[in-house]
file upload.txt (compact mmCIF, C-alpha atoms)
# COMPACT_ATOMS: atom_id res chain seq x y z
CA MET S 1 0.00 0.00 0.00
CA ASN S 2 1.14 3.55 -0.65
CA GLN S 3 2.12 5.45 2.48
CA LEU S 4 1.98 9.13 3.36
CA HIS S 5 5.25 10.65 4.54
CA THR S 6 6.42 14.15 5.29
CA GLU S 7 8.89 15.75 2.90
CA ARG S 8 11.65 15.26 5.44
CA GLU S 9 10.75 11.58 5.97
CA GLN S 10 10.67 11.04 2.22
CA ARG S 11 14.20 12.43 1.96
CA PHE S 12 15.52 9.81 4.37
CA ILE S 13 13.46 7.04 2.77
CA GLY S 14 14.80 8.05 -0.63
CA LEU S 15 18.35 7.88 0.65
CA ALA S 16 17.70 4.36 1.96
CA ALA S 17 15.93 3.32 -1.25
CA GLY S 18 18.93 4.17 -3.42
CA LEU S 19 21.15 2.05 -1.21
CA ALA S 20 18.64 -0.80 -0.92
CA ASP S 21 18.20 -1.25 -4.65
CA ASP S 22 21.96 -1.62 -5.08
CA PHE S 23 22.44 -3.85 -2.03
CA ALA S 24 19.74 -6.22 -3.28
CA GLU S 25 21.93 -7.15 -6.24
CA ARG S 26 24.49 -8.90 -4.04
CA ALA S 27 22.52 -9.81 -0.89
CA ALA S 28 22.08 -13.44 -1.94
CA GLN S 29 25.79 -13.88 -2.64
CA HIS S 30 26.83 -12.44 0.71
CA ASP S 31 24.33 -14.77 2.36
CA GLU S 32 25.67 -17.77 0.46
CA ASP S 33 29.29 -16.92 1.26
CA GLU S 34 28.72 -15.77 4.86
CA SER S 35 30.69 -12.69 3.79
CA PHE S 36 30.46 -9.24 5.32
CA PRO S 37 29.20 -6.51 2.92
CA PHE S 38 32.13 -4.11 3.26
CA GLU S 39 31.14 -2.36 0.03
CA ASN S 40 27.67 -1.65 1.44
CA TYR S 41 29.22 0.01 4.46
CA GLU S 42 31.46 2.17 2.34
CA GLN S 43 28.46 3.35 0.35
CA MET S 44 26.54 4.13 3.54
CA ARG S 45 29.50 6.11 4.85
CA GLU S 46 30.00 8.02 1.63
CA CYS S 47 26.36 9.16 1.36
CA GLY S 48 26.07 9.95 5.06
CA TYR S 49 23.61 7.20 5.95
CA THR S 50 25.81 6.04 8.84
CA ASN S 51 25.34 9.53 10.33
CA LEU S 52 21.55 9.31 9.95
CA ILE S 53 20.66 9.86 13.61
CA ILE S 54 23.61 11.99 14.70
CA PRO S 55 22.46 15.53 15.60
CA GLU S 56 23.26 18.14 12.98
CA GLU S 57 25.52 19.96 15.44
CA PHE S 58 27.85 16.94 15.26
CA GLY S 59 27.73 16.66 11.47
CA GLY S 60 24.83 14.22 11.18
CA LEU S 61 21.46 14.22 9.47
CA GLY S 62 19.51 14.50 12.73
CA ALA S 63 16.83 11.91 11.93
CA SER S 64 14.18 11.33 14.58
CA LEU S 65 13.26 7.84 15.77
CA LEU S 66 10.27 7.76 13.40
CA GLU S 67 12.37 8.93 10.46
CA ARG S 68 14.99 6.36 11.31
CA ILE S 69 12.64 3.35 11.42
CA LYS S 70 10.97 4.37 8.16
CA ALA S 71 14.36 4.59 6.46
CA GLN S 72 15.49 1.31 8.00
CA GLU S 73 12.37 -0.48 6.82
CA ARG S 74 13.12 0.65 3.27
CA LEU S 75 16.79 -0.35 3.50
CA ALA S 76 15.80 -3.85 4.64
CA GLN S 77 13.64 -4.33 1.56
CA GLY S 78 16.90 -4.56 -0.36
CA ASP S 79 19.10 -6.36 2.16
CA GLY S 80 17.70 -7.33 5.54
CA ALA S 81 21.07 -8.39 6.92
CA THR S 82 22.77 -5.07 6.15
CA ALA S 83 19.79 -3.17 7.57
CA LEU S 84 19.91 -5.20 10.78
CA ALA S 85 23.69 -4.77 11.07
CA ILE S 86 23.64 -1.00 10.64
CA ASN S 87 20.71 -0.85 13.04
CA MET S 88 23.07 -2.05 15.76
CA HIS S 89 25.37 0.86 14.87
CA PHE S 90 22.40 3.20 15.33
CA ASN S 91 21.47 1.55 18.63
CA VAL S 92 24.92 2.04 20.13
CA LEU S 93 25.19 5.52 18.67
CA GLY S 94 21.73 6.29 20.02
CA LEU S 95 22.94 5.54 23.53
CA LEU S 96 25.64 8.19 23.19
CA ILE S 97 23.15 10.70 21.77
CA ASP S 98 20.53 10.11 24.44
CA LEU S 99 23.05 10.37 27.26
CA HIS S 100 24.44 13.59 25.78
CA GLN S 101 20.99 15.12 25.39
CA ARG S 102 19.91 14.16 28.90
CA ALA S 103 23.09 15.48 30.44
CA SER S 104 22.81 18.72 28.47
CA ARG S 105 19.19 19.34 29.43
CA PRO S 106 18.77 21.75 32.37
CA ARG S 107 17.84 19.76 35.44
CA ALA S 108 14.62 21.66 36.07
CA THR S 109 13.27 20.83 32.61
CA ARG S 110 13.71 17.08 32.91
CA PRO S 111 10.50 15.07 33.35
CA ARG S 112 9.87 14.40 37.00
CA ASP S 113 10.25 10.64 36.69
CA GLN S 114 13.70 11.10 35.13
CA LEU S 115 15.05 12.94 38.17
CA PRO S 116 16.98 10.66 40.55
CA ARG S 117 15.68 10.24 44.07
CA ARG S 118 17.75 11.83 46.80
CA ASP S 119 19.15 8.45 47.84
CA GLU S 120 20.10 7.65 44.23
CA LEU S 121 22.14 10.75 43.40
CA PRO S 122 25.54 8.98 43.43
CA ARG S 123 24.24 5.87 41.64
CA VAL S 124 24.49 7.14 38.02
CA VAL S 125 27.38 9.16 36.59
CA VAL S 126 27.34 10.32 32.96
CA GLU S 127 30.78 11.12 31.56
CA THR S 128 29.66 14.04 29.41
CA ALA S 129 33.10 15.12 28.17
CA ASN S 130 33.93 11.61 26.93
CA ILE S 131 30.56 11.33 25.22
CA THR S 132 30.92 14.69 23.47
CA GLU S 133 34.39 13.84 22.20
CA LYS S 134 33.17 10.55 20.74
CA LEU S 135 30.12 12.07 19.08
CA GLN S 136 32.26 14.76 17.49
CA ARG S 137 34.73 12.22 16.15
CA ILE S 138 32.09 9.75 14.92
CA GLY S 139 30.24 12.50 13.11
CA ARG S 140 33.37 13.99 11.60
CA GLU S 141 34.99 10.71 10.49
CA ARG S 142 31.77 8.73 9.91
CA LEU S 143 32.93 5.92 12.17
CA ILE S 144 31.07 2.65 12.77
CA CYS S 145 29.97 1.71 16.30
CA GLY S 146 28.89 -1.66 17.59
CA GLY S 147 29.71 -4.16 20.26
CA SER S 148 27.61 -6.29 22.53
CA GLY S 149 25.63 -6.10 25.71
CA SER S 150 24.84 -9.83 25.53
CA GLU S 151 26.70 -12.50 27.45
CA PRO S 152 26.52 -16.29 27.47
CA ASP S 153 24.51 -17.68 30.39
CA ASN S 154 23.42 -14.26 31.63
CA ALA S 155 19.65 -13.80 31.64
CA VAL S 156 19.49 -10.14 32.70
CA ILE S 157 22.68 -8.46 31.54
CA ASN S 158 21.58 -4.91 32.36
CA LEU S 159 21.27 -5.80 36.03
CA ARG S 160 24.79 -7.15 36.40
CA PRO S 161 27.21 -8.10 33.59
CA ARG S 162 29.35 -11.12 34.35
CA THR S 163 32.26 -9.42 32.60
CA GLU S 164 34.49 -8.04 35.36
CA ALA S 165 36.43 -4.77 35.54
CA ARG S 166 39.40 -4.23 37.88
CA ARG S 167 40.67 -0.73 38.63
CA VAL S 168 44.24 0.07 37.58
CA ASP S 169 46.13 3.29 36.95
CA GLY S 170 44.36 5.32 34.28
CA GLY S 171 41.47 2.94 33.72
CA PHE S 172 40.36 -0.68 34.08
CA LEU S 173 41.45 -4.17 33.10
CA VAL S 174 38.40 -6.00 31.78
CA ASN S 175 37.85 -9.75 31.51
CA GLY S 176 34.80 -11.54 30.16
CA ARG S 177 32.91 -12.87 27.16
CA LYS S 178 30.30 -11.26 24.91
CA ILE S 179 28.06 -12.68 22.18
CA PHE S 180 26.08 -11.31 19.22
CA GLY S 181 28.61 -8.60 18.43
CA THR S 182 27.07 -7.48 15.13
CA GLN S 183 29.46 -5.89 12.56
CA SER S 184 32.36 -7.15 14.66
CA ILE S 185 34.87 -7.10 11.80
CA ARG S 186 34.04 -3.54 10.72
CA LEU S 187 33.96 -1.65 14.01
CA ASN S 188 35.76 1.57 14.83
CA TYR S 189 34.26 1.65 18.33
CA PHE S 190 33.31 -1.38 20.43
CA PHE S 191 30.65 -0.90 23.11
CA ALA S 192 30.43 -3.16 26.15
CA GLU S 193 29.70 -3.18 29.87
CA ALA S 194 31.45 -4.72 32.85
CA THR S 195 30.92 -4.92 36.60
CA TRP S 196 33.39 -3.16 38.88
CA SER S 197 32.73 -5.32 41.91
CA ASP S 198 35.09 -3.60 44.35
CA ALA S 199 34.08 -0.02 43.54
CA PRO S 200 34.46 2.28 46.57
CA GLU S 201 30.78 2.69 47.48
CA ARG S 202 28.97 -0.23 45.86
CA PRO S 203 29.37 -2.63 42.91
CA THR S 204 29.17 -0.50 39.76
CA ILE S 205 28.53 -1.16 36.08
CA ILE S 206 30.82 0.69 33.70
CA THR S 207 29.76 1.34 30.09
CA PHE S 208 32.62 1.93 27.69
CA PHE S 209 33.60 2.51 24.06
CA VAL S 210 37.02 1.29 22.97
CA GLU S 211 38.78 1.12 19.61
CA PRO S 212 39.39 -2.54 18.71
CA LYS S 213 42.61 -1.77 16.84
CA ASN S 214 44.02 -0.11 19.97
CA THR S 215 42.76 -2.72 22.45
CA PRO S 216 45.04 -5.80 22.25
CA GLY S 217 43.05 -7.77 24.82
CA LEU S 218 39.84 -7.60 22.75
CA ILE S 219 39.56 -10.76 20.64
CA PHE S 220 36.81 -11.47 18.10
CA LYS S 221 35.88 -15.06 17.38
CA ASP S 222 34.98 -16.63 14.06
CA ASP S 223 31.78 -18.22 15.34
CA TRP S 224 28.94 -16.65 13.33
CA HIS S 225 27.76 -19.67 11.32
CA THR S 226 23.99 -19.44 11.44
CA MET S 227 20.71 -20.21 9.71
CA GLY S 228 19.98 -16.61 8.79
CA MET S 229 21.41 -13.08 8.90
CA ARG S 230 24.61 -14.77 7.78
CA SER S 231 26.37 -11.62 6.54
CA THR S 232 26.04 -9.55 9.73
CA ALA S 233 29.30 -10.85 11.30
CA SER S 234 27.59 -10.99 14.71
CA CYS S 235 30.55 -12.77 16.26
CA GLY S 236 31.32 -13.42 19.87
CA SER S 237 34.22 -11.74 21.59
CA GLU S 238 36.45 -12.14 24.61
CA LEU S 239 38.19 -9.53 26.70
CA LYS S 240 41.40 -10.79 28.30
CA ASP S 241 42.96 -8.13 30.50
CA ALA S 242 41.74 -5.59 27.96
CA PHE S 243 42.75 -2.12 29.07
CA VAL S 244 39.86 0.37 29.08
CA PRO S 245 41.14 3.91 29.73
CA ASP S 246 39.09 6.35 31.76
CA SER S 247 38.53 8.39 28.59
CA SER S 248 36.56 5.45 27.16
CA ILE S 249 34.01 5.35 30.00
CA ILE S 250 30.68 6.99 29.14
CA LEU S 251 28.47 5.84 32.01
CA ARG S 252 28.75 4.44 35.52
CA ARG S 253 25.73 3.15 37.39
CA ALA S 254 25.24 1.13 40.53
CA VAL S 255 24.42 -2.55 40.26
CA SER S 256 20.78 -3.10 41.10
CA ASN S 257 18.51 -6.13 41.25
CA SER S 258 15.52 -3.97 40.41
CA ALA S 259 13.82 -4.40 37.04
CA MET S 260 13.49 -0.59 36.85
CA ILE S 261 16.78 -0.18 35.02
CA THR S 262 18.24 2.60 32.91
CA ARG S 263 15.48 3.78 30.58
CA VAL S 264 17.97 5.21 28.12
CA PHE S 265 18.42 1.65 26.79
CA ALA S 266 14.73 1.27 25.84
CA LYS S 267 14.95 2.55 22.27
CA ALA S 268 17.40 -0.12 21.11
CA PRO S 269 15.14 -3.19 21.36
CA PHE S 270 12.22 -1.21 19.93
CA SER S 271 14.01 -0.19 16.73
CA ILE S 272 14.74 -3.83 15.86
CA GLY S 273 11.21 -4.18 14.53
CA ALA S 274 11.81 -1.98 11.48
CA PRO S 275 14.26 -4.19 9.51
CA TYR S 276 11.96 -7.17 9.94
CA ILE S 277 8.99 -5.25 8.56
CA GLY S 278 11.22 -4.41 5.60
CA ILE S 279 11.90 -8.10 4.99
CA ALA S 280 8.16 -8.80 5.18
CA VAL S 281 7.45 -6.06 2.63
CA ALA S 282 10.10 -7.50 0.30
CA ALA S 283 8.45 -10.93 0.58
CA ARG S 284 5.01 -9.50 -0.15
CA ASP S 285 6.29 -7.53 -3.14
CA PHE S 286 8.05 -10.57 -4.55
CA VAL S 287 4.91 -12.70 -4.31
CA VAL S 288 2.80 -10.10 -6.10
CA ASP S 289 5.31 -9.69 -8.91
CA PHE S 290 6.06 -13.41 -9.23
CA MET S 291 2.48 -14.65 -9.16
CA ARG S 292 0.77 -11.87 -11.08
CA ASP S 293 1.10 -13.51 -14.51
CA ARG S 294 2.34 -16.96 -13.55
CA PRO S 295 0.48 -19.62 -15.57
CA ARG S 296 -0.74 -22.96 -14.32
CA TYR S 297 -1.98 -25.47 -16.82
CA PRO S 298 -4.86 -26.01 -17.59
CA LEU S 299 -6.14 -22.77 -15.95
CA LYS S 300 -7.00 -19.96 -18.34
CA LYS S 301 -6.06 -17.22 -15.88
CA PRO S 302 -2.75 -16.72 -14.02
CA MET S 303 -2.31 -17.95 -10.47
CA SER S 304 -2.92 -14.48 -9.03
CA HIS S 305 -6.62 -15.18 -9.64
CA LEU S 306 -6.63 -18.16 -7.25
CA PRO S 307 -8.16 -17.54 -3.78
CA ALA S 308 -5.33 -19.63 -2.31
CA VAL S 309 -2.96 -16.94 -3.58
CA PHE S 310 -4.76 -13.61 -3.31
CA ASN S 311 -6.25 -14.38 0.10
CA LYS S 312 -2.77 -14.96 1.46
CA VAL S 313 -1.59 -11.68 -0.04
CA GLY S 314 -4.58 -9.97 1.57
CA GLU S 315 -3.59 -11.34 4.97
CA MET S 316 0.00 -10.25 4.35
CA GLU S 317 -1.22 -6.71 3.67
CA MET S 318 -3.12 -6.60 6.97
CA LEU S 319 -0.16 -7.91 8.95
CA ILE S 320 2.25 -5.39 7.42
CA GLU S 321 -0.11 -2.46 7.95
CA GLY S 322 -0.70 -3.51 11.55
CA ALA S 323 3.02 -3.76 12.23
CA ARG S 324 3.67 -0.37 10.68
CA ALA S 325 0.84 1.27 12.57
CA VAL S 326 2.06 0.28 16.02
CA MET S 327 5.74 0.91 15.25
CA TRP S 328 5.15 4.32 13.69
CA LYS S 329 2.78 5.37 16.45
CA ALA S 330 5.22 4.38 19.20
CA ALA S 331 8.10 6.11 17.42
CA ALA S 332 6.05 9.30 17.04
CA ASP S 333 5.17 9.26 20.76
CA VAL S 334 8.68 8.77 22.13
CA GLU S 335 9.44 12.44 22.83
CA HIS S 336 6.00 13.19 24.27
CA ASP S 337 4.95 10.18 26.31
CA GLU S 338 5.85 9.39 29.90
CA PRO S 339 8.91 7.05 29.68
CA GLY S 340 7.39 4.16 31.59
CA ASN S 341 4.25 4.21 29.49
CA TRP S 342 6.25 4.56 26.29
CA SER S 343 8.33 1.51 27.20
CA ARG S 344 5.15 -0.57 27.35
CA LYS S 345 4.04 0.72 23.93
CA ALA S 346 7.48 0.08 22.47
CA ILE S 347 7.72 -3.49 23.70
CA ALA S 348 4.21 -4.29 22.43
CA ALA S 349 4.91 -2.65 19.06
CA CYS S 350 8.21 -4.45 18.51
CA MET S 351 6.70 -7.82 19.38
CA ILE S 352 3.81 -7.26 16.96
CA ALA S 353 6.22 -6.14 14.23
CA ARG S 354 8.47 -9.18 14.55
CA GLU S 355 5.70 -11.76 14.91
CA ASN S 356 3.70 -10.27 12.04
CA SER S 357 6.78 -10.20 9.83
CA VAL S 358 7.47 -13.88 10.44
CA ARG S 359 3.86 -14.68 9.58
CA VAL S 360 4.03 -12.61 6.38
CA VAL S 361 7.06 -14.51 5.11
CA ASP S 362 5.45 -17.84 6.01
CA LEU S 363 2.41 -16.85 3.95
CA ALA S 364 4.65 -15.79 1.08
CA LEU S 365 6.18 -19.25 0.85
CA ARG S 366 2.77 -20.88 0.97
CA ALA S 367 1.41 -18.58 -1.73
CA VAL S 368 4.26 -19.36 -4.13
CA GLY S 369 4.39 -23.05 -3.32
CA GLY S 370 7.25 -25.50 -3.87
CA SER S 371 9.32 -23.08 -5.93
CA SER S 372 9.91 -21.02 -2.79
CA TYR S 373 11.95 -23.88 -1.36
CA PHE S 374 14.73 -23.33 -3.93
CA LYS S 375 17.60 -20.89 -3.49
CA ARG S 376 16.99 -19.45 -6.93
CA LEU S 377 14.17 -17.45 -5.33
CA PRO S 378 14.84 -15.01 -2.46
CA LEU S 379 11.97 -16.29 -0.32
CA GLU S 380 14.03 -18.98 1.41
CA ARG S 381 16.55 -16.31 2.45
CA PHE S 382 13.75 -14.05 3.68
CA TYR S 383 12.38 -17.05 5.61
CA ARG S 384 15.71 -17.64 7.36
CA ASP S 385 16.51 -13.98 7.98
CA VAL S 386 13.14 -12.95 9.38
CA ARG S 387 13.32 -15.65 12.04
CA ALA S 388 16.22 -13.90 13.72
CA GLY S 389 13.61 -11.44 14.95
CA LEU S 390 12.22 -14.06 17.29
CA TYR S 391 15.38 -14.08 19.40
CA HIS S 392 15.99 -10.43 20.18
CA PRO S 393 15.17 -9.35 23.71
CA PHE S 394 12.44 -8.96 24.72
CA ASP S 395 11.20 -12.12 22.99
CA SER S 396 7.47 -12.79 22.76
CA ASP S 397 7.21 -14.63 26.08
CA GLU S 398 9.12 -11.90 27.89
CA SER S 399 7.09 -9.18 26.17
CA ILE S 400 3.78 -10.71 27.18
CA GLU S 401 4.97 -11.24 30.74
CA PHE S 402 6.23 -7.65 30.99
CA LEU S 403 3.03 -6.16 29.59
CA GLY S 404 0.85 -8.27 31.87
CA ARG S 405 2.88 -7.65 35.01
CA SER S 406 3.24 -3.93 34.39
CA ALA S 407 -0.52 -3.59 33.88
CA PHE S 408 -0.88 -4.62 37.53
CA GLY S 409 2.17 -2.67 38.70
CA LEU S 410 4.10 -5.87 39.32
CA PRO S 411 7.90 -5.98 38.86
CA MET S 412 9.57 -8.32 36.39
CA GLY S 413 10.57 -11.13 38.68
CA ASP S 414 11.34 -11.25 42.36
CA PRO S 415 14.53 -9.38 43.37
CA ASP S 416 15.37 -12.37 45.55
CA ASP S 417 15.69 -14.46 42.38
CA TYR S 418 18.87 -12.60 41.34
CA VAL S 419 22.34 -13.33 42.69
call {"tool": "encode", "arguments": {"input": "upload.txt", "output": "structure tokens"}}
result
Amino acid sequence: MNQLHTEREQRFIGLAAGLADDFAERAAQHDEDESFPFENYEQMRECGYTNLIIPEEFGGLGASLLERIKAQERLAQGDGATALAINMHFNVLGLLIDLHQRASRPRATRPRDQLPRRDELPRVVVETANITEKLQRIGRERLICGGSGSEPDNAVINLRPRTEARRVDGGFLVNGRKIFGTQSIRLNYFFAEATWSDAPERPTIITFFVEPKNTPGLIFKDDWHTMGMRSTASCGSELKDAFVPDSSIILRRAVSNSAMITRVFAKAPFSIGAPYIGIAVAARDFVVDFMRDRPRYPLKKPMSHLPAVFNKVGEMEMLIEGARAVMWKAAADVEHDEPGNWSRKAIAACMIARENSVRVVDLALRAVGGSSYFKRLPLERFYRDVRAGLYHPFDSDESIEFLGRSAFGLPMGDPDDYV
């Protein structure tokens, strides 16, 4: 269906469309080879797409969250894996931007629920100077950010990373393992978190950005051999006495076993929905083009006239429009809604987007039939790629639990359940 966009939104969508149409030409080969699309990244850097969400004062395009997800949806129609990979760049970059904006906002103008309680004043420290320096450099040099907040065998990483930091002169020595480090082989900045257990007042989580080429103890593994999203290079990593200088720290916050954790992280899981909608749209468009005039002996009319085909396309349309509606509405509300309420909308929207997208691609394969099983058609790649959406946090079970518990004002889990 045709969509209505503002002139500014259309500019960002057009930028993504030009990239997507080119990326689509080699997406299947990168998938087949498990190769990283370095050429795609160079194109995104050259045209400024990697600076999409950076504020204009730092040399970026200043896209809002709504403008970003619309552009990302369009990019994914050409290459879902590249769209997902660069989305992780935007997520990490978005953390820097949000922290900078919150720190720069006069205290009196901050929403009441964003002000720390008196007993929490020392619990969160934003390193504004370090953040500003990184934003300036990323914008100026069009650097790529990534990293990983995920760890093996750690269910709630934001509460307490198992990666450990030990204080030394000028910084920290960090030891631990991370997983799902998307774009690992193309990063200029690596984001991660570690727990400083013997901090002076209380155990503290440090959030840091380091340059892989200047961090000898940071080791990337060659372990991304997966069913889908094969060209994202989402490799695991290990930090072995990796030195993290004080200038790389952007945030320090006290370890807590409360589910009410830093709200600045909420936008990252929400934005994941957009690339998967893009894959769903690509599947729908392929089915319509492929089946429109496809003959089937002895029928006089093409297969697009069969209810078994057009009914499935009709359901696909409804699922896509529903996913867009909730994602676009939540993105439009982010700067106006109360943060706790927005988090509920965002989690619901992202779950609907991912589940609907999976269903759309399933319907696409059924509509086309046995031909969709062959690699000569892109549907089997769409089928594999879209399923990655089921594994991002919050997954569907966690989303439903969170929405149900929060409706009654119940916390996510019992604090006594956490070590």
call {"tool": "atom_distance", "arguments": {"input": "upload.txt", "atom1": "CA of Arg366 (chain S)", "atom2": "CA of Glu315 (chain S)"}}
result
12.1 Å
call {"tool": "closest_residue", "arguments": {"input": "upload.txt", "among": "S:Ala83, S:Ala346, S:Cys235, S:Ile97", "to": "Gly60 (chain S)", "atoms": "all atoms listed in the file"}}
result
S:Ile97
call {"tool": "closest_residue", "arguments": {"input": "upload.txt", "among": "S:Gly340, S:Glu67, S:Val174, S:Pro245", "to": "Glu7 (chain S)", "atoms": "only C-alpha atoms"}}
result
S:Glu67
call {"tool": "residues_near_point", "arguments": {"input": "upload.txt", "point": "(26.9, 7.7, 33.2)", "cutoff": "12 Å", "atoms": "only C-alpha atoms", "output": "NGL selection string"}}
result
:S and (95-96 or 98-100 or 102-103 or 121-131 or 193 or 204-208 or 248-254 or 262 or 264)
call {"tool": "atom_distance", "arguments": {"input": "upload.txt", "atom1": "CA of Asn91 (chain S)", "atom2": "CA of Ala24 (chain S)"}}
result
23.3 Å
call {"tool": "closest_residue", "arguments": {"input": "upload.txt", "among": "S:Arg344, S:His392, S:Arg142, S:Arg387", "to": "Ser406 (chain S)", "atoms": "all atoms listed in the file"}}
result
S:Arg344
call {"tool": "closest_residue", "arguments": {"input": "upload.txt", "among": "S:Glu317, S:Asp337, S:Asp153, S:Asp395", "to": "Val360 (chain S)", "atoms": "all atoms listed in the file"}}
result
S:Glu317
call {"tool": "residues_near_point", "arguments": {"input": "upload.txt", "point": "(3.0, -1.7, -5.9)", "cutoff": "10 Å", "atoms": "all atoms listed in the file", "output": "PyMOL selection string"}}
result
chain S and resi 1-2+284-285+288-289
call {"tool": "atom_distance", "arguments": {"input": "upload.txt", "atom1": "CA of Ile138 (chain S)", "atom2": "CA of Gly78 (chain S)"}}
result
25.9 Å
call {"tool": "closest_residue", "arguments": {"input": "upload.txt", "among": "S:Ala364, S:Trp196, S:Val255, S:Phe180", "to": "Lys221 (chain S)", "atoms": "all atoms listed in the file"}}
result
S:Phe180
call {"tool": "residues_around", "arguments": {"input": "upload.txt", "residues": "Asp385 (chain S)", "least_positions_apart": "3", "cutoff": "9 Å", "atoms": "all atoms listed in the file", "output": "list of chain:residue names"}}
result
S:Gly80, S:Ala81, S:Met227, S:Gly228, S:Met229, S:Arg230, S:Tyr276, S:Ile279, S:Glu380, S:Arg381, S:Phe382, S:Ala388, S:Gly389
call {"tool": "closest_residue", "arguments": {"input": "upload.txt", "among": "S:Ala332, S:Asp22, S:Arg296, S:Ile277", "to": "Val361 (chain S)", "atoms": "all atoms listed in the file"}}
result
S:Ile277
call {"tool": "residues_around", "arguments": {"input": "upload.txt", "residues": "Asp79 (chain S)", "least_positions_apart": "6", "cutoff": "7 Å", "atoms": "only C-alpha atoms", "output": "ChimeraX atom specification"}}
result
/S:20,23-24,27
call {"tool": "write_last_selection", "arguments": {"input": "upload.txt", "atoms": "C-alpha atoms", "output": "PDB file, in the frame of the given file"}}
result
ATOM      1  CA  ALA S  20      18.640  -0.800  -0.920  1.00  0.00           C
ATOM      2  CA  PHE S  23      22.440  -3.850  -2.030  1.00  0.00           C
ATOM      3  CA  ALA S  24      19.740  -6.220  -3.280  1.00  0.00           C
ATOM      4  CA  ALA S  27      22.520  -9.810  -0.890  1.00  0.00           C
TER       5      ALA S  27
END
call {"tool": "residues_around", "arguments": {"input": "upload.txt", "residues": "Tyr189 (chain S)", "least_positions_apart": "3", "cutoff": "9 Å", "atoms": "all atoms listed in the file", "output": "PyMOL selection string"}}
result
chain S and resi 143-147+209-212
